[in-house]
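Student: Below: one structure in structure tokens.
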Amino acid sequence: MSLVDVLPETLRDGIAFLRAELAPFPGRVNVMLRALLTSAIVIVMSLTLEVPELPLSLLVVFYVTQSNVVITRLVGLMFIIGSTIAIGSSILLLKFTFDYPLVRIVVASALFFGSVYLMRVLKIGIVFFIVAIVIIYVQTFVDQTDQAELLIRAVLWVWVAVNYPIALTLVINSLLLPAEPQRQLKAEFERQLTAVDTRLTQLIDGGPVPAPITTTQVQQGALTLQKLLKFATMRDSRYRDTQAWHLASIATVTRLHLGASQLVAGEQRSSLYALRENCRALATALANDAPYSIERAPTPDIADAVGRADTVIEMQRALSALSDFGARGEPAASPPVKEPMIVLDAWTNPAYARFSLKTLLAVLISYVFYNASDWQGIHTIMLTCLIVALPSLGASTQRALLRVAGALGGSTLALLVVVFVIPRLDSIAGLLLMALPIAALAAWIAAGSERIGYAGVQLLFTFSLAVLGQFGPTTNLTEIRDRMVGILLGVGIATFIQMSFWREAEGDVLRLKLASMLRPVAALLRVAPGHVGASGQLSYAQQQLQTWAVLGDCEAMLARVALEPNWQEGEQAHLTMRAQVVLAQGREIMLAGDALHKALDAYDARATGETVDTVRAIQERAAARIDRYASELSSSPPTARQPRRIEIVARADGLPDAPLWASLRRLAGEVAGLPDWELAAPHPGVLREFSEHD
């Protein structure tokens, strides 16, 4: 028994979460090195040239450094535009309202409200996020000096501190360590096909069993390929011209990846060998941007196929479909549908104005407390109210927790450094040796998933505020305390306001999202297997790919909903539990339907017409029950009932079509596993409260 086994379950779950989130993955080291190199240059330049606001410069470096060149340039451009508009607006605001504090606050509030509103409704909302945060940040300058010239200089230095690191980051990311999305796409293709090859090699030659390929890994791999293709088409016109081919390749690789996770020992070595050679040929073609042509393996005889798993046959058909698709040539691609710059209900949906008003109210309460207490060190209280302001309560809570966790980590490291390291520093080299390991840790965390990435940004910002905020060594520990107090107060005020007025919980949205996830799962069951040709095979694979994407969206939303605070104890846990069951069952139904599709496809040629008709009729009934469940789930209030299990006559195990009926029974069982979902009755205490008011 290890030490971890005796720890409380919550602590074990936390350790497992951190181990998974901090594990290396392709591209993470590259992001860390780019952020680290840029941070080192920014530290040296800012301290040498005495450019103020070094913590802000490092924060910008981490925000702009993204996973590939396309996103980095896009975010950098948005930051330059946003900071320029923000600084110009702030200078105009100060020019006309410097001597009139009440007018300044009113006009700044109006500008802030408009910026937050546009942040919600525009596609380039990040520009107005920067405008809003700079407008609030500048108000703290006004409270520190009554000299207009010093104030304008401080505001202009903010523009310099923001934009020169952006330029430097773009140079580093474009020239020294470029992360091109085309290369990342090829590397992800290679990674997934290597996993397939490793599994096939183990089945052919024996040897140690490799780590299993999980369904979650297949889903994440499919989403990663889709995202990288999107960025590659933005970067390279050749990928735009061949987008249909690459989409077909992604669908095929995902099917191979899923098939490899289902392979079992006992397959014929000749079939596995031919499949491995075809997969290697596909990997070579994708790596070289060359056409793919399959070396067709002989179709197994019916006698050989009986009793065998159908996974190998399905994987071969996926490769054949891609080969036929390439032989037919690239179809004429329709122009991609562009997303509107502004949301369709921007001027009719009151949620956007309510969100802006709530955020403004939280910021004004923080500003009043900041001035009334005359506590200059907690100016982060106002910035926190904006930073944690996200459309949903769950997303805001997630951001708040990451901000607090990052601030605690940064404050702890800053405290240790101030007490034990800074008294012994006497050169810029020593300063870099102190700061860069912490910047590397923060960059490694920031390069992770959205469940942990913002904590790395906050860790670096909190540490640099306490240690690198001056042009000389600091021994003031109150700075560390004040920043932490400001963040905690800001999180508390923002959360209270969001919970008290016009709650934007995602519980109902999640329910509708789950219903939209079940509908494509039902549509997959209606796809008729059989010899439908390459176009039919690829169409089915692409429908699977879209369903994986919807499953990923549901999982991300469920993670946010689980963090939503609620005044009514137990209600949120009940909602989360039901949503987890529906999501898990949706995935299992999809896998069961895919297994049935393979089995029916393999036995369609030799099964009797009556058997095929019976199986397809049961498929249709299962799809109809899923559709009905989805419709009931999306109604208001929800009245979804657990589907009644479809009765299937038992068959003898020794018959040739036994695997077909086993797959059918598995599908029926998974469909019947969807849970009841009805609106819970109000708590008796709530009813009593209503009657008293009446």
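If you're wondering about the labels, chains in the structure tokens are A, B, ... by order shown, residues count from 1 in each chain, ligands from 1 in order shown.
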Just the residues within 12 Å of Asp508 of chain A, please, counting only C-alpha atoms, with nothing from its chain fewer than 3 positions along; format it as a VMD selection string.
Tutor: chain A and resid 392 503 to 505 511 to 515 557 to 558 561 572 575 to 576 579 633 to 638 679
Student: Next, write the just-selected residues to a file, as a PDB file, in the first residue's frame, keeping N, CA and C atoms as the atom set.
Tutor:
```pdb
ATOM      1  N   SER A 392     -21.478  32.649 -17.940  1.00  0.00           N
ATOM      2  CA  SER A 392     -22.226  31.747 -17.071  1.00  0.00           C
ATOM      3  C   SER A 392     -21.635  31.753 -15.667  1.00  0.00           C
ATOM      4  N   ARG A 503     -29.295  35.472 -12.334  1.00  0.00           N
ATOM      5  CA  ARG A 503     -28.353  34.356 -12.441  1.00  0.00           C
ATOM      6  C   ARG A 503     -28.332  33.806 -13.864  1.00  0.00           C
ATOM      7  N   GLU A 504     -27.142  33.614 -14.394  1.00  0.00           N
ATOM      8  CA  GLU A 504     -26.976  33.022 -15.724  1.00  0.00           C
ATOM      9  C   GLU A 504     -26.379  31.623 -15.578  1.00  0.00           C
ATOM     10  N   ALA A 505     -27.115  30.766 -14.895  1.00  0.00           N
ATOM     11  CA  ALA A 505     -26.659  29.388 -14.731  1.00  0.00           C
ATOM     12  C   ALA A 505     -26.815  28.623 -16.045  1.00  0.00           C
ATOM     13  N   ARG A 511     -28.937  21.038 -20.281  1.00  0.00           N
ATOM     14  CA  ARG A 511     -30.002  20.088 -20.604  1.00  0.00           C
ATOM     15  C   ARG A 511     -30.316  20.125 -22.102  1.00  0.00           C
ATOM     16  N   LEU A 512     -30.399  21.323 -22.675  1.00  0.00           N
ATOM     17  CA  LEU A 512     -30.657  21.443 -24.110  1.00  0.00           C
ATOM     18  C   LEU A 512     -29.473  20.921 -24.922  1.00  0.00           C
ATOM     19  N   LYS A 513     -28.271  21.142 -24.404  1.00  0.00           N
ATOM     20  CA  LYS A 513     -27.081  20.651 -25.099  1.00  0.00           C
ATOM     21  C   LYS A 513     -27.046  19.123 -25.115  1.00  0.00           C
ATOM     22  N   LEU A 514     -27.436  18.514 -23.999  1.00  0.00           N
ATOM     23  CA  LEU A 514     -27.485  17.054 -23.955  1.00  0.00           C
ATOM     24  C   LEU A 514     -28.519  16.518 -24.938  1.00  0.00           C
ATOM     25  N   ALA A 515     -29.665  17.207 -25.043  1.00  0.00           N
ATOM     26  CA  ALA A 515     -30.674  16.788 -26.015  1.00  0.00           C
ATOM     27  C   ALA A 515     -30.132  16.885 -27.437  1.00  0.00           C
ATOM     28  N   MET A 557     -19.112  21.857 -20.786  1.00  0.00           N
ATOM     29  CA  MET A 557     -20.194  22.579 -20.111  1.00  0.00           C
ATOM     30  C   MET A 557     -20.545  21.921 -18.781  1.00  0.00           C
ATOM     31  N   LEU A 558     -20.532  20.589 -18.738  1.00  0.00           N
ATOM     32  CA  LEU A 558     -20.825  19.895 -17.492  1.00  0.00           C
ATOM     33  C   LEU A 558     -19.794  20.225 -16.422  1.00  0.00           C
ATOM     34  N   VAL A 561     -20.851  23.581 -15.079  1.00  0.00           N
ATOM     35  CA  VAL A 561     -22.079  23.517 -14.286  1.00  0.00           C
ATOM     36  C   VAL A 561     -21.803  22.922 -12.909  1.00  0.00           C
ATOM     37  N   GLN A 572     -27.848  21.264  -7.071  1.00  0.00           N
ATOM     38  CA  GLN A 572     -26.819  21.269  -8.101  1.00  0.00           C
ATOM     39  C   GLN A 572     -26.188  19.888  -8.257  1.00  0.00           C
ATOM     40  N   LEU A 575     -28.539  17.709 -10.289  1.00  0.00           N
ATOM     41  CA  LEU A 575     -28.475  18.057 -11.715  1.00  0.00           C
ATOM     42  C   LEU A 575     -27.208  17.506 -12.343  1.00  0.00           C
ATOM     43  N   THR A 576     -26.076  17.685 -11.673  1.00  0.00           N
ATOM     44  CA  THR A 576     -24.801  17.217 -12.212  1.00  0.00           C
ATOM     45  C   THR A 576     -24.794  15.701 -12.370  1.00  0.00           C
ATOM     46  N   ALA A 579     -26.904  14.704 -15.385  1.00  0.00           N
ATOM     47  CA  ALA A 579     -26.226  15.077 -16.628  1.00  0.00           C
ATOM     48  C   ALA A 579     -25.061  14.134 -16.918  1.00  0.00           C
ATOM     49  N   LEU A 633     -36.548  15.831 -23.056  1.00  0.00           N
ATOM     50  CA  LEU A 633     -35.499  16.478 -22.265  1.00  0.00           C
ATOM     51  C   LEU A 633     -35.409  17.967 -22.573  1.00  0.00           C
ATOM     52  N   SER A 634     -35.662  18.344 -23.825  1.00  0.00           N
ATOM     53  CA  SER A 634     -35.551  19.750 -24.220  1.00  0.00           C
ATOM     54  C   SER A 634     -36.816  20.548 -23.951  1.00  0.00           C
ATOM     55  N   SER A 635     -37.895  19.883 -23.530  1.00  0.00           N
ATOM     56  CA  SER A 635     -39.130  20.616 -23.237  1.00  0.00           C
ATOM     57  C   SER A 635     -38.983  21.376 -21.929  1.00  0.00           C
ATOM     58  N   SER A 636     -39.857  22.324 -21.700  1.00  0.00           N
ATOM     59  CA  SER A 636     -39.806  23.130 -20.480  1.00  0.00           C
ATOM     60  C   SER A 636     -41.171  23.092 -19.805  1.00  0.00           C
ATOM     61  N   PRO A 637     -41.272  22.484 -18.628  1.00  0.00           N
ATOM     62  CA  PRO A 637     -40.222  21.797 -17.872  1.00  0.00           C
ATOM     63  C   PRO A 637     -39.918  20.428 -18.472  1.00  0.00           C
ATOM     64  N   PRO A 638     -38.730  19.868 -18.193  1.00  0.00           N
ATOM     65  CA  PRO A 638     -38.371  18.571 -18.777  1.00  0.00           C
ATOM     66  C   PRO A 638     -39.221  17.443 -18.200  1.00  0.00           C
ATOM     67  N   LEU A 679     -38.539  17.789 -13.622  1.00  0.00           N
ATOM     68  CA  LEU A 679     -38.329  18.943 -12.764  1.00  0.00           C
ATOM     69  C   LEU A 679     -38.681  18.561 -11.340  1.00  0.00           C
TER      70      LEU A 679
END
```
Student: What is the atom CA of Ala274 of chain A-atom CA of Gln316 of chain A distance in Å, reported with one decimal?
Tutor: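 The value is 8.9 Å.
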Student: Using only C-alpha atoms, find the one residue out of A:Ile294, A:Val31, A:Gly469, A:Leu168 that sits nearest to Glu180 of chain A.
Tutor: A:Val31
Student: Leaving out Lys186 of chain A and any residue of its chain fewer than 4 positions from it, which residues lie within 12 Å of it when counting only C-alpha atoms, given as a PyMOL selection string?
Tutor: chain A and resi 26+180-182+190-194+224-225+228-229+232+246+249-250+253+282-289
Student: Please provide the set of residues having any atom within 8 Å of segment 141-156 of chain A, restricted to only C-alpha atoms, with same-chain residues fewer than 5 positions apart removed, written as a list of chain:residue names.
Tutor: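 Close residues of segment 141-156 of chain A: A:Ile87, A:Ser90, A:Ile91, A:Phe98.
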Student: Would you output that residue set with C-alpha atoms, as a PDB file, in the first residue's frame?
Tutor:
```pdb
ATOM      1  CA  ILE A  87      -5.367  54.353 -23.903  1.00  0.00           C
ATOM      2  CA  SER A  90      -8.615  57.054 -21.153  1.00  0.00           C
ATOM      3  CA  ILE A  91      -6.628  60.144 -22.157  1.00  0.00           C
ATOM      4  CA  PHE A  98      -9.886  65.392 -14.506  1.00  0.00           C
TER       5      PHE A  98
END
```
Student: Near Arg481 of chain A, counting only C-alpha atoms, which residues have an atom at most 10 Å away, once you skip same-chain residues fewer than 6 positions from it, shown as a PDB file with C-alpha atoms, in the first residue's frame?
Tutor:
```pdb
ATOM      1  CA  GLY A 377      -2.476  47.964  -2.265  1.00  0.00           C
ATOM      2  CA  ILE A 378      -5.792  46.212  -2.998  1.00  0.00           C
ATOM      3  CA  SER A 411       2.164  34.787  -3.338  1.00  0.00           C
ATOM      4  CA  LEU A 415       7.178  35.244   0.003  1.00  0.00           C
ATOM      5  CA  ALA A 466       5.368  41.397  -5.574  1.00  0.00           C
TER       6      ALA A 466
END
```
Student: Between A:Asp345, A:Asp553, A:Asp613, A:Glu277, which is the closest to Asp197 of chain A once you count only C-alpha atoms?
Tutor: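 With only C-alpha atoms as the atom set, the closest residue is A:Glu277.
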Student: Excluding segment 432-439 of chain A and any residue of its chain fewer than 6 positions from it, enumerate the residues within 7 Å of it, using only C-alpha atoms, and give them as a list of chain:residue names.
Tutor: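 Contacts, in chain order: A:Leu36, A:Ala40, A:Leu460.
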Student: Which residue, A:Phe112, A:Ser320, A:Thr65, A:Met78, has the smallest gap to Leu177 of chain A when you use only C-alpha atoms?
Tutor: A:Thr65
Student: Considering only C-alpha atoms, return as a ChimeraX atom specification whatever protein or nucleic-acid residues lie within 9 Å of Arg641 of chain A, sequence-local ones (same chain, fewer than 5 positions apart) excluded.
Tutor: /A:629,632-633,674-678
Student: Could you tell me how far atom CA of Leu390 of chain A sits from atom CA of Met577 of chain A, in Å to one decimal place?
Tutor: 23.9 Å
